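Below is the file start-v6.cif, which contains mmCIF, C-alpha atoms and all ligand atoms.
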```cif
data_run
#
loop_
_atom_site.label_atom_id
_atom_site.label_comp_id
_atom_site.auth_asym_id
_atom_site.auth_seq_id
_atom_site.Cartn_x
_atom_site.Cartn_y
_atom_site.Cartn_z
CA MET A 70 48.34 6.21 -22.27
CA LYS A 71 46.56 3.61 -20.15
CA ASN A 72 48.50 0.58 -18.96
CA TYR A 73 46.47 -2.56 -19.14
CA LYS A 74 46.31 -5.83 -17.19
CA LEU A 75 45.91 -9.13 -19.03
CA ALA A 76 45.18 -12.69 -17.89
CA LEU A 77 46.29 -15.61 -20.06
CA VAL A 78 44.26 -18.73 -19.24
CA GLY A 79 45.76 -22.01 -20.46
CA ALA A 80 49.29 -20.57 -20.42
CA THR A 81 50.90 -24.03 -20.33
CA GLY A 82 49.12 -25.38 -23.44
CA LEU A 83 50.19 -25.31 -27.08
CA VAL A 84 48.16 -22.20 -27.85
CA GLY A 85 49.04 -20.57 -24.51
CA GLN A 86 52.78 -21.10 -24.97
CA THR A 87 52.59 -19.54 -28.44
CA ALA A 88 50.46 -16.68 -27.08
CA LEU A 89 53.36 -15.89 -24.71
CA LYS A 90 55.72 -15.57 -27.70
CA VAL A 91 53.23 -13.48 -29.68
CA LEU A 92 52.68 -11.17 -26.70
CA GLU A 93 56.45 -10.67 -26.40
CA GLU A 94 56.62 -9.81 -30.11
CA PHE A 95 53.57 -7.52 -30.23
CA LYS A 96 54.82 -5.34 -27.31
CA LEU A 97 51.34 -4.12 -26.38
CA PRO A 98 51.03 -1.44 -23.67
CA ILE A 99 50.22 -4.04 -21.03
CA ALA A 100 51.71 -3.33 -17.61
CA GLU A 101 50.69 -6.47 -15.78
CA TYR A 102 50.30 -10.09 -16.81
CA VAL A 103 48.89 -13.03 -14.83
CA PHE A 104 49.16 -16.59 -16.14
CA PHE A 105 46.59 -19.26 -15.28
CA ALA A 106 46.27 -23.00 -15.91
CA SER A 107 44.75 -25.98 -14.07
CA SER A 108 45.66 -27.12 -10.55
CA LYS A 109 48.10 -29.56 -12.20
CA SER A 110 50.37 -26.68 -13.29
CA ALA A 111 49.86 -24.30 -10.35
CA GLY A 112 53.25 -23.21 -8.99
CA LYS A 113 55.17 -23.97 -12.22
CA LYS A 114 57.57 -21.22 -13.31
CA ILE A 115 57.54 -19.72 -16.78
CA SER A 116 59.74 -17.11 -18.34
CA PHE A 117 58.13 -14.15 -20.12
CA ASN A 118 59.71 -10.89 -21.31
CA GLY A 119 62.90 -11.81 -19.42
CA LYS A 120 61.07 -12.22 -16.09
CA GLU A 121 60.01 -15.30 -14.17
CA TYR A 122 56.29 -15.77 -13.48
CA THR A 123 54.46 -18.41 -11.43
CA ILE A 124 51.46 -20.16 -12.98
CA ARG A 125 48.32 -19.74 -10.88
CA GLU A 126 45.39 -22.13 -10.65
CA LEU A 127 42.25 -20.73 -12.29
CA LYS A 128 39.55 -20.34 -9.64
CA GLU A 129 36.14 -18.73 -9.29
CA ASP A 130 37.65 -15.67 -7.59
CA SER A 131 40.61 -15.30 -9.97
CA PHE A 132 39.11 -12.25 -11.69
CA ASP A 133 38.18 -10.41 -8.48
CA GLU A 134 41.48 -8.49 -8.56
CA GLY A 135 40.39 -6.78 -11.83
CA PHE A 136 41.65 -7.35 -15.38
CA ASP A 137 41.15 -5.40 -18.60
CA PHE A 138 41.53 -8.45 -20.87
CA ALA A 139 41.67 -12.24 -20.60
CA VAL A 140 42.71 -14.59 -23.40
CA PHE A 141 41.26 -18.06 -22.77
CA SER A 142 42.89 -21.14 -24.40
CA ALA A 143 41.89 -23.86 -21.97
CA GLY A 144 39.11 -25.83 -23.68
CA GLY A 145 35.36 -25.31 -24.03
CA ASP A 146 34.32 -26.39 -20.52
CA THR A 147 36.75 -24.02 -18.82
CA SER A 148 35.63 -21.16 -21.07
CA LYS A 149 31.93 -21.86 -20.53
CA HIS A 150 32.34 -21.71 -16.78
CA PHE A 151 34.94 -18.98 -16.27
CA SER A 152 34.48 -16.53 -19.20
CA PRO A 153 31.11 -15.21 -17.97
CA ILE A 154 32.61 -14.82 -14.47
CA ALA A 155 35.52 -12.80 -15.92
CA ALA A 156 33.17 -10.70 -18.08
CA SER A 157 30.90 -9.99 -15.11
CA LYS A 158 33.94 -8.44 -13.35
CA GLY A 159 34.50 -5.99 -16.23
CA CYS A 160 37.16 -7.96 -18.10
CA ILE A 161 36.88 -8.43 -21.89
CA VAL A 162 37.45 -12.09 -22.74
CA VAL A 163 38.90 -13.27 -26.06
CA ASP A 164 38.02 -16.95 -26.15
CA ASN A 165 39.83 -19.53 -28.27
CA SER A 166 37.37 -22.35 -27.62
CA SER A 167 34.20 -23.11 -29.56
CA ALA A 168 31.97 -22.41 -26.52
CA PHE A 169 30.55 -19.04 -27.65
CA ARG A 170 31.34 -18.85 -31.36
CA MET A 171 27.79 -19.28 -32.62
CA ASP A 172 26.16 -17.24 -29.85
CA PRO A 173 24.42 -14.36 -31.69
CA GLU A 174 25.42 -12.02 -28.84
CA VAL A 175 29.12 -12.84 -29.23
CA PRO A 176 31.22 -11.34 -32.05
CA LEU A 177 33.27 -13.93 -33.97
CA VAL A 178 36.27 -12.00 -35.20
CA VAL A 179 39.17 -12.19 -37.63
CA PRO A 180 40.71 -8.70 -37.54
CA GLU A 181 41.57 -8.62 -41.29
CA VAL A 182 37.97 -9.59 -42.12
CA ASN A 183 35.41 -8.11 -39.70
CA PRO A 184 37.14 -5.79 -37.19
CA GLU A 185 33.94 -3.72 -36.96
CA GLU A 186 32.39 -6.54 -34.88
CA ILE A 187 34.86 -6.04 -32.00
CA SER A 188 33.14 -2.95 -30.59
CA LYS A 189 29.81 -4.84 -30.41
CA ASN A 190 31.12 -7.15 -27.66
CA LYS A 191 29.27 -7.54 -24.38
CA GLY A 192 32.32 -8.88 -22.55
CA ILE A 193 33.17 -11.93 -24.67
CA ILE A 194 34.69 -12.08 -28.17
CA ALA A 195 35.15 -15.47 -29.83
CA ASN A 196 38.18 -16.48 -31.85
CA PRO A 197 37.05 -18.71 -34.74
CA ASN A 198 38.20 -22.27 -35.35
CA CYS A 199 41.76 -22.44 -36.71
CA SER A 200 40.73 -23.91 -40.07
CA THR A 201 38.06 -21.22 -40.51
CA ILE A 202 40.36 -18.29 -39.66
CA GLN A 203 42.88 -19.01 -42.41
CA ALA A 204 40.16 -19.65 -45.00
CA VAL A 205 38.12 -16.49 -44.45
CA VAL A 206 41.12 -14.16 -44.83
CA PRO A 207 41.34 -14.76 -48.64
CA LEU A 208 37.62 -15.59 -48.98
CA LYS A 209 36.60 -12.14 -47.71
CA VAL A 210 38.71 -10.50 -50.44
CA LEU A 211 37.14 -12.78 -53.04
CA ASP A 212 33.60 -12.19 -51.75
CA ASP A 213 34.03 -8.40 -51.74
CA ASN A 214 35.16 -8.50 -55.36
CA TYR A 215 33.30 -11.38 -57.04
CA LYS A 216 30.45 -12.39 -54.65
CA ILE A 217 30.86 -15.97 -53.47
CA LYS A 218 28.01 -18.37 -54.32
CA ARG A 219 29.39 -21.64 -52.93
CA ILE A 220 32.48 -22.96 -51.07
CA VAL A 221 33.82 -26.54 -50.89
CA TYR A 222 36.49 -27.06 -48.22
CA SER A 223 38.88 -30.03 -48.06
CA THR A 224 41.36 -29.70 -45.21
CA TYR A 225 44.67 -31.31 -44.33
CA GLN A 226 45.06 -30.44 -40.65
CA ALA A 227 48.19 -30.70 -38.51
CA VAL A 228 48.28 -32.67 -35.25
CA SER A 229 49.10 -29.50 -33.27
CA GLY A 230 45.44 -28.57 -33.85
CA ALA A 231 44.59 -31.35 -31.40
CA GLY A 232 46.80 -29.87 -28.65
CA GLN A 233 49.83 -31.40 -26.94
CA LYS A 234 48.36 -34.92 -26.93
CA GLY A 235 47.93 -34.84 -30.71
CA VAL A 236 51.59 -33.92 -31.20
CA LEU A 237 52.60 -36.72 -28.81
CA ASP A 238 50.71 -39.36 -30.82
CA LEU A 239 52.56 -38.37 -34.02
CA GLU A 240 55.96 -38.10 -32.30
CA ASN A 241 55.52 -41.51 -30.67
CA GLY A 242 54.55 -42.96 -34.06
CA ILE A 243 57.60 -41.42 -35.78
CA ASN A 244 59.89 -42.71 -33.00
CA LYS A 245 58.17 -46.12 -33.11
CA SER A 246 58.11 -45.96 -29.32
CA GLY A 247 55.17 -48.37 -29.04
CA GLU A 248 53.39 -45.96 -26.66
CA GLU A 249 49.57 -46.16 -26.42
CA LEU A 250 47.70 -43.51 -28.42
CA VAL A 251 46.62 -40.61 -26.20
CA LYS A 252 44.54 -38.52 -28.61
CA PHE A 253 43.50 -40.15 -31.87
CA PRO A 254 41.44 -43.36 -32.37
CA TYR A 255 44.01 -44.71 -34.89
CA PRO A 256 47.73 -44.12 -35.45
CA ILE A 257 48.24 -40.75 -37.15
CA PHE A 258 51.76 -41.65 -38.27
CA ASN A 259 51.60 -42.82 -41.90
CA ASN A 260 47.84 -42.20 -41.92
CA CYS A 261 45.15 -39.64 -42.75
CA LEU A 262 42.13 -39.60 -40.43
CA PRO A 263 38.89 -38.21 -41.93
CA HIS A 264 37.77 -37.52 -38.39
CA ILE A 265 38.29 -34.26 -36.45
CA ASP A 266 36.15 -33.73 -33.34
CA VAL A 267 33.05 -35.90 -32.87
CA PHE A 268 30.69 -37.34 -35.49
CA LEU A 269 27.19 -35.85 -35.62
CA ASP A 270 23.88 -37.54 -36.59
CA ASN A 271 24.10 -36.20 -40.17
CA GLY A 272 27.45 -37.99 -40.75
CA TYR A 273 29.52 -34.80 -40.65
CA THR A 274 32.11 -34.14 -37.95
CA LYS A 275 31.71 -31.21 -35.58
CA GLU A 276 34.85 -29.66 -37.13
CA GLU A 277 33.16 -29.68 -40.56
CA ILE A 278 30.00 -28.07 -39.20
CA LYS A 279 32.10 -25.47 -37.33
CA MET A 280 33.79 -24.47 -40.61
CA ILE A 281 30.42 -24.20 -42.38
CA ASN A 282 28.62 -22.19 -39.69
CA GLU A 283 31.54 -19.96 -38.74
CA THR A 284 32.23 -19.05 -42.39
CA ARG A 285 28.61 -17.95 -42.79
CA LYS A 286 28.70 -15.89 -39.59
CA ILE A 287 32.01 -14.15 -40.33
CA LEU A 288 31.17 -13.37 -43.97
CA LYS A 289 27.66 -12.29 -42.85
CA LYS A 290 26.08 -14.63 -45.43
CA PRO A 291 23.75 -16.89 -43.38
CA ASN A 292 22.48 -18.76 -46.44
CA LEU A 293 25.82 -19.26 -48.19
CA LYS A 294 26.26 -22.74 -49.68
CA VAL A 295 29.29 -24.26 -47.91
CA THR A 296 30.41 -27.83 -47.44
CA ALA A 297 33.52 -29.38 -45.88
CA THR A 298 35.58 -32.52 -45.41
CA THR A 299 38.17 -32.11 -42.65
CA VAL A 300 41.09 -34.51 -42.38
CA ARG A 301 43.89 -34.91 -39.82
CA VAL A 302 47.26 -35.55 -41.50
CA PRO A 303 50.70 -36.49 -40.11
CA VAL A 304 52.09 -32.94 -40.11
CA ILE A 305 53.25 -31.42 -36.82
CA ASN A 306 52.13 -27.84 -37.43
CA CYS A 307 50.26 -25.71 -40.04
CA HIS A 308 46.94 -26.55 -41.64
CA SER A 309 46.66 -26.84 -45.44
CA GLU A 310 43.34 -26.45 -47.23
CA ALA A 311 42.12 -27.03 -50.80
CA ILE A 312 39.32 -24.52 -51.33
CA ASN A 313 36.90 -24.54 -54.24
CA VAL A 314 34.90 -21.35 -54.71
CA GLU A 315 32.10 -20.51 -57.12
CA PHE A 316 31.31 -16.82 -57.81
CA GLU A 317 28.27 -14.94 -59.04
CA LYS A 318 30.44 -12.76 -61.28
CA ASP A 319 33.11 -13.44 -63.88
CA PHE A 320 36.70 -12.47 -63.08
CA ASP A 321 40.09 -11.98 -64.59
CA ILE A 322 42.43 -14.52 -63.00
CA ASP A 323 45.45 -12.17 -62.95
CA GLU A 324 43.41 -9.38 -61.40
CA LEU A 325 42.05 -11.84 -58.81
CA LYS A 326 45.58 -12.91 -57.88
CA ASN A 327 46.68 -9.28 -57.57
CA LYS A 328 43.76 -8.48 -55.29
CA LEU A 329 44.82 -11.30 -52.96
CA LYS A 330 48.50 -10.32 -53.19
CA SER A 331 47.77 -6.72 -52.14
CA SER A 332 45.54 -7.70 -49.20
CA LYS A 333 46.57 -7.44 -45.56
CA GLY A 334 47.65 -10.70 -43.96
CA ILE A 335 48.04 -12.65 -47.22
CA ILE A 336 51.22 -13.87 -48.93
CA LEU A 337 50.69 -15.01 -52.52
CA GLU A 338 52.99 -17.84 -53.54
CA ASP A 339 51.78 -18.85 -56.95
CA ASP A 340 54.38 -19.75 -59.54
CA PRO A 341 53.87 -23.45 -60.24
CA GLN A 342 56.37 -23.46 -63.14
CA ASN A 343 59.04 -22.74 -60.55
CA ASN A 344 57.51 -25.08 -57.95
CA LEU A 345 56.37 -22.13 -55.88
CA TYR A 346 53.25 -22.81 -53.81
CA PRO A 347 52.36 -22.58 -50.10
CA LEU A 348 53.90 -25.17 -47.79
CA ALA A 349 53.35 -26.02 -44.12
CA THR A 350 57.10 -25.95 -43.52
CA LYS A 351 57.29 -22.37 -44.80
CA ALA A 352 54.17 -21.04 -43.08
CA ASN A 353 55.38 -22.43 -39.75
CA ASN A 354 55.99 -19.66 -37.20
CA HIS A 355 54.48 -16.93 -39.41
CA ASP A 356 51.29 -14.94 -38.96
CA GLU A 357 50.24 -14.57 -42.60
CA VAL A 358 47.95 -16.81 -44.62
CA TYR A 359 49.76 -18.29 -47.64
CA VAL A 360 47.74 -18.67 -50.85
CA GLY A 361 48.66 -20.27 -54.19
CA ARG A 362 47.81 -22.82 -56.91
CA ILE A 363 45.04 -20.45 -57.99
CA ARG A 364 43.35 -21.74 -61.14
CA ARG A 365 39.97 -21.61 -62.84
CA ASP A 366 37.52 -24.35 -61.96
CA GLU A 367 36.61 -25.24 -65.52
CA SER A 368 33.55 -27.27 -64.45
CA VAL A 369 31.49 -24.15 -63.54
CA PRO A 370 30.99 -20.75 -65.28
CA PHE A 371 32.83 -18.66 -62.63
CA GLY A 372 34.92 -20.53 -60.10
CA ILE A 373 38.43 -21.19 -58.81
CA ASN A 374 40.42 -23.75 -56.86
CA PHE A 375 43.22 -22.64 -54.56
CA TRP A 376 45.57 -23.93 -51.85
CA CYS A 377 45.77 -22.12 -48.51
CA VAL A 378 48.26 -22.75 -45.68
CA ALA A 379 48.72 -21.08 -42.28
CA ASP A 380 50.21 -21.68 -38.86
CA ASN A 381 47.16 -22.94 -36.97
CA ILE A 382 48.63 -22.18 -33.56
CA ARG A 383 49.67 -18.63 -34.49
CA LYS A 384 47.16 -17.15 -36.99
CA GLY A 385 44.65 -19.93 -36.23
CA ALA A 386 44.62 -19.20 -32.50
CA ALA A 387 47.22 -17.19 -30.54
CA THR A 388 48.01 -14.40 -33.02
CA ASN A 389 44.36 -13.86 -33.99
CA ALA A 390 43.44 -13.53 -30.30
CA ILE A 391 46.27 -11.08 -29.56
CA GLN A 392 45.38 -9.07 -32.70
CA ILE A 393 41.88 -8.71 -31.23
CA VAL A 394 43.37 -7.46 -27.93
CA GLN A 395 45.50 -5.02 -29.96
CA GLU A 396 42.36 -3.71 -31.72
CA LEU A 397 40.57 -3.36 -28.36
CA ILE A 398 43.49 -1.26 -27.10
CA ASN A 399 43.57 0.85 -30.29
CA ASN A 400 39.80 1.44 -30.04
CA ASP A 401 40.22 2.52 -26.39
CA LYS A 402 42.66 5.33 -27.22
P1 LIG B 501 46.44 -28.02 -24.85
O1 LIG B 501 47.80 -27.99 -25.41
O2 LIG B 501 45.84 -29.33 -24.46
O3 LIG B 501 46.41 -27.04 -23.56
C1 LIG B 501 45.28 -26.90 -22.74
C2 LIG B 501 45.50 -25.78 -21.71
O4 LIG B 501 44.30 -25.61 -20.94
C3 LIG B 501 46.62 -26.08 -20.70
O5 LIG B 501 47.28 -24.87 -20.38
C4 LIG B 501 45.82 -26.59 -19.48
O6 LIG B 501 46.50 -26.42 -18.26
C5 LIG B 501 44.64 -25.65 -19.56
N1 LIG B 501 43.52 -26.13 -18.76
C6 LIG B 501 42.88 -27.32 -18.86
N2 LIG B 501 41.91 -27.40 -17.93
C7 LIG B 501 41.95 -26.25 -17.24
C8 LIG B 501 41.20 -25.73 -16.14
N3 LIG B 501 40.21 -26.42 -15.56
N4 LIG B 501 41.52 -24.51 -15.67
C9 LIG B 501 42.53 -23.80 -16.23
N5 LIG B 501 43.26 -24.22 -17.27
C10 LIG B 501 42.97 -25.44 -17.76
O7 LIG B 501 45.38 -27.39 -25.85
P2 LIG B 501 45.60 -26.22 -26.96
O8 LIG B 501 45.84 -26.81 -28.28
O9 LIG B 501 46.52 -25.19 -26.42
O10 LIG B 501 44.11 -25.63 -27.06
C11 LIG B 501 43.57 -24.79 -26.07
C12 LIG B 501 42.23 -24.23 -26.55
O11 LIG B 501 42.42 -23.51 -27.76
C13 LIG B 501 41.16 -25.29 -26.85
O12 LIG B 501 39.91 -24.75 -26.51
C14 LIG B 501 41.26 -25.46 -28.34
O13 LIG B 501 40.05 -25.91 -28.91
C15 LIG B 501 41.56 -24.04 -28.77
N6 LIG B 501 42.22 -23.94 -30.09
C16 LIG B 501 43.30 -24.70 -30.37
C17 LIG B 501 43.88 -24.56 -31.63
C18 LIG B 501 45.06 -25.37 -32.04
O14 LIG B 501 45.41 -25.29 -33.25
N7 LIG B 501 45.69 -26.14 -31.15
C19 LIG B 501 43.39 -23.64 -32.54
C20 LIG B 501 42.30 -22.88 -32.21
C21 LIG B 501 41.72 -23.04 -30.97
P3 LIG B 501 47.35 -27.64 -17.60
O15 LIG B 501 48.66 -27.67 -18.34
O16 LIG B 501 47.49 -27.21 -16.19
O17 LIG B 501 46.54 -28.88 -17.77
#
```

Written as structure tokens, how would this file's structure read?
Ligand code: NAP
Amino acid sequence: MKNYKLALVGATGLVGQTALKVLEEFKLPIAEYVFFASSKSAGKKISFNGKEYTIRELKEDSFDEGFDFAVFSAGGDTSKHFSPIAASKGCIVVDNSSAFRMDPEVPLVVPEVNPEEISKNKGIIANPNCSTIQAVVPLKVLDDNYKIKRIVYSTYQAVSGAGQKGVLDLENGINKSGEELVKFPYPIFNNCLPHIDVFLDNGYTKEEIKMINETRKILKKPNLKVTATTVRVPVINCHSEAINVEFEKDFDIDELKNKLKSSKGIILEDDPQNNLYPLATKANNHDEVYVGRIRRDESVPFGINFWCVADNIRKGAATNAIQIVQELINNDK
């Protein structure tokens, strides 16, 4: 068996720190790890798998020593500049930023949904947006069985999705510390902000357009009708989403629930009479997508509404990326 070498870029960030935990749990056959961040963190010590490692500054020549894989979680600009350099040195990059997601040459992968795309990579594989990843896991099952005609997304997204600064704004608000906001334009404590990423000319936010375009690419339905409203809410971790779906075909609601329940990566929690439905507090620190509150949309011939919750830092970023590395290793055997 080959022993691989992996670089983790952005190892000091929210996603990077969780990627360290996920890597410890997954126990992949990786013999050597190198951890990178910005010059600000160079020299910092981190503990991984019971050993101490020193964070290195990411530089143009960082990949000269040769890596099999690199997981990038350091923002779009860093990915745009350094991922092609890493790929040109023979390293396969799994990128958490939005830099390459819509590039037709770059596979956009959720392993439960479209693992067949992984082998088509030319050196870079994109991890989808966190809110898209958790949605497409159940949507793929529904599309395979009932053919989706239209999707309406309404999201309730945790502050951890905005990185460490987002978490700080909420914590400072809770503690009433009077600190200046560092991430959001308005206080997130006691508020909901219908504003994630920048506003575009058509009035949508970039986050909403990401969800629309990425869903179409992953489900391989370029003309699918999809719309979205994405909202930041005062929750530390785990995104919740209300998803309305219209199908081409009729369905039996119990059968539909069973299909979701028996699918990989999904936990069905759907017993409203006993107050059982997905919750951010329960999905926290788990890799599965939680689905519940499934009911017919009685305003259309064949449609449902459901509630979908997942840990945006794990399944929405770190775990999905490490699952892709795991698949790359399995395909290499
Ligand atoms: P974060 O907490 O702000 O961390 C950013 C990381 O990037 C830090 O490790 C930082 O290192 C590093 N970095 C910044 N500039 C760098 C540079 N020039 N060279 C090397 N490293 C650099 O952000 P995050 O939430 O972890 O997000 C990281 C990426 O994942 C972003 O692209 C984000 O869009 C994406 N993502 C996040 C989520 C989420 O739910 N949070 C989900 C999906 C995707 P220093 O500590 O040295 O500054």

Practice prompt. Identify, on the basis of only C-alpha atoms, every residue whose closest approach to range 356-360 of chain A does not exceed 7 Å; exclude the query and any residue fewer than 4 positions from it along the same chain; express the result as a list in words.
Written response: Gln203, Gly334, Ile335, Ile336, Leu337, Glu338, Pro347, Ala352, Trp376, Cys377, Val378, Ala379, Asp380, Arg383, Lys384 and Thr388 of chain A

Practice prompt. Point out the residue among A:Asn344, A:Asn306, A:Ser331, A:Asn118 with the least atom-to-atom distance to Ser229 in chain A, counting only C-alpha atoms.
Written response: A:Asn306

Box time for range 280-283 of chain A: axis-aligned, enclosing all its listed atoms, 3 Å extra on each side; report centre and edge lengths in Å to one decimal, as JSON.
```
{"center_x": 31.2, "center_y": -22.2, "center_z": -40.6, "size_x": 11.2, "size_y": 10.5, "size_z": 9.6}
```

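For the choices A:Ala349, A:Leu250, A:Leu75, A:Ile363, the atom-to-atom distance to Pro98 in chain A is smallest for A:Leu75 when using all atoms listed in the file.
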
Discussion item. Ligand LIG 501 (chain B): which residues are within 6 Å, counting all atoms listed in the file? Reply as an NGL selection string.
Written reply: :A and (78-85 or 106-110 or 127 or 142-145 or 147 or 165-166 or 198-199 or 229-233 or 381-382 or 385-386)

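Between CA of Val251 in chain A and CA of Phe268 in chain A the separation is 18.7 Å.
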
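Of the residues listed (A:Leu345, A:Ala227, A:Ile373, A:Val236), A:Ala227 shows the shortest atom-to-atom separation from Cys307 in chain A; distances use only C-alpha atoms.
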
Under the rule of at most 9 Å, produce a per-residue listing of range 175-220 of chain A near range 282-296 of chain A: chain, number, name, the closest pair of atoms, and the distance in Å, as CSV, using only C-alpha atoms.
```
residue,atom,partner,partner_atom,distance
A:Pro176,CA,A:Ile287,CA,8.8
A:Leu177,CA,A:Ile287,CA,6.5
A:Val178,CA,A:Ile287,CA,7.0
A:Val179,CA,A:Ile287,CA,7.9
A:Val182,CA,A:Ile287,CA,7.7
A:Asn183,CA,A:Ile287,CA,7.0
A:Pro197,CA,A:Glu283,CA,6.9
A:Asn198,CA,A:Glu283,CA,7.8
A:Thr201,CA,A:Thr284,CA,6.5
A:Ile202,CA,A:Thr284,CA,8.6
A:Ala204,CA,A:Thr284,CA,8.4
A:Val205,CA,A:Thr284,CA,6.7
A:Leu208,CA,A:Leu288,CA,8.5
A:Lys209,CA,A:Leu288,CA,6.7
A:Asp212,CA,A:Leu288,CA,8.2
A:Ile217,CA,A:Leu293,CA,8.0
A:Lys218,CA,A:Leu293,CA,6.6
A:Arg219,CA,A:Lys294,CA,4.6
A:Ile220,CA,A:Val295,CA,4.7
```

Item to complete: Calculate how many Å separate CA of Glu121 in chain A from CA of Phe141 in chain A, rounding to one decimal.
Response: 20.8 Å

Response to the item:
Closest of A:Phe104, A:Pro263, A:Glu248, A:Gly119 to Ala88 in chain A, counting all atoms listed in the file, is A:Phe104

Near Ile312 in chain A, within 7 Å and counting only C-alpha atoms, which residues show up once chain neighbours fewer than 2 positions away are dropped, as a PDB file with C-alpha atoms, keeping the file's coordinate frame?
```pdb
ATOM      1  CA  VAL A 221      33.820 -26.540 -50.890  1.00  0.00           C
ATOM      2  CA  TYR A 222      36.490 -27.060 -48.220  1.00  0.00           C
ATOM      3  CA  SER A 223      38.880 -30.030 -48.060  1.00  0.00           C
ATOM      4  CA  GLU A 310      43.340 -26.450 -47.230  1.00  0.00           C
ATOM      5  CA  VAL A 314      34.900 -21.350 -54.710  1.00  0.00           C
ATOM      6  CA  ASN A 374      40.420 -23.750 -56.860  1.00  0.00           C
ATOM      7  CA  PHE A 375      43.220 -22.640 -54.560  1.00  0.00           C
ATOM      8  CA  TRP A 376      45.570 -23.930 -51.850  1.00  0.00           C
TER       9      TRP A 376
END
```

Could you write range 351-362 of chain A of the block just shown to a file containing N, CA, C and O atoms, as a PDB file, in the first residue's frame?
```
ATOM      1  N   LYS A 351     -28.299  19.160  17.513  1.00  0.00           N
ATOM      2  CA  LYS A 351     -28.059  17.715  17.408  1.00  0.00           C
ATOM      3  C   LYS A 351     -27.126  17.363  16.247  1.00  0.00           C
ATOM      4  O   LYS A 351     -26.368  16.407  16.316  1.00  0.00           O
ATOM      5  N   ALA A 352     -27.203  18.144  15.176  1.00  0.00           N
ATOM      6  CA  ALA A 352     -26.343  17.859  14.013  1.00  0.00           C
ATOM      7  C   ALA A 352     -24.890  18.267  14.277  1.00  0.00           C
ATOM      8  O   ALA A 352     -23.970  17.767  13.622  1.00  0.00           O
ATOM      9  N   ASN A 353     -24.700  19.145  15.267  1.00  0.00           N
ATOM     10  CA  ASN A 353     -23.371  19.666  15.563  1.00  0.00           C
ATOM     11  C   ASN A 353     -22.364  18.534  15.808  1.00  0.00           C
ATOM     12  O   ASN A 353     -22.649  17.602  16.555  1.00  0.00           O
ATOM     13  N   ASN A 354     -21.232  18.599  15.119  1.00  0.00           N
ATOM     14  CA  ASN A 354     -20.169  17.609  15.283  1.00  0.00           C
ATOM     15  C   ASN A 354     -20.461  16.267  14.631  1.00  0.00           C
ATOM     16  O   ASN A 354     -19.821  15.270  14.959  1.00  0.00           O
ATOM     17  N   HIS A 355     -21.453  16.202  13.758  1.00  0.00           N
ATOM     18  CA  HIS A 355     -21.750  14.962  13.024  1.00  0.00           C
ATOM     19  C   HIS A 355     -21.534  15.184  11.525  1.00  0.00           C
ATOM     20  O   HIS A 355     -21.563  16.315  11.061  1.00  0.00           O
ATOM     21  N   ASP A 356     -21.368  14.069  10.809  1.00  0.00           N
ATOM     22  CA  ASP A 356     -21.099  14.184   9.376  1.00  0.00           C
ATOM     23  C   ASP A 356     -22.336  13.960   8.515  1.00  0.00           C
ATOM     24  O   ASP A 356     -22.298  14.201   7.313  1.00  0.00           O
ATOM     25  N   GLU A 357     -23.431  13.479   9.104  1.00  0.00           N
ATOM     26  CA  GLU A 357     -24.616  13.181   8.299  1.00  0.00           C
ATOM     27  C   GLU A 357     -25.465  14.437   8.076  1.00  0.00           C
ATOM     28  O   GLU A 357     -25.356  15.411   8.816  1.00  0.00           O
ATOM     29  N   VAL A 358     -26.336  14.331   7.069  1.00  0.00           N
ATOM     30  CA  VAL A 358     -27.323  15.379   6.810  1.00  0.00           C
ATOM     31  C   VAL A 358     -28.641  14.910   7.446  1.00  0.00           C
ATOM     32  O   VAL A 358     -29.093  13.789   7.182  1.00  0.00           O
ATOM     33  N   TYR A 359     -29.208  15.753   8.299  1.00  0.00           N
ATOM     34  CA  TYR A 359     -30.438  15.414   9.015  1.00  0.00           C
ATOM     35  C   TYR A 359     -31.645  15.975   8.252  1.00  0.00           C
ATOM     36  O   TYR A 359     -31.638  17.154   7.874  1.00  0.00           O
ATOM     37  N   VAL A 360     -32.657  15.115   8.044  1.00  0.00           N
ATOM     38  CA  VAL A 360     -33.812  15.512   7.235  1.00  0.00           C
ATOM     39  C   VAL A 360     -35.093  15.186   7.993  1.00  0.00           C
ATOM     40  O   VAL A 360     -35.187  14.132   8.628  1.00  0.00           O
ATOM     41  N   GLY A 361     -36.065  16.083   7.952  1.00  0.00           N
ATOM     42  CA  GLY A 361     -37.347  15.835   8.622  1.00  0.00           C
ATOM     43  C   GLY A 361     -38.411  16.828   8.191  1.00  0.00           C
ATOM     44  O   GLY A 361     -38.218  17.573   7.232  1.00  0.00           O
ATOM     45  N   ARG A 362     -39.528  16.843   8.936  1.00  0.00           N
ATOM     46  CA  ARG A 362     -40.686  17.704   8.611  1.00  0.00           C
ATOM     47  C   ARG A 362     -41.096  17.537   7.137  1.00  0.00           C
ATOM     48  O   ARG A 362     -41.425  18.511   6.449  1.00  0.00           O
TER      49      ARG A 362
END
```
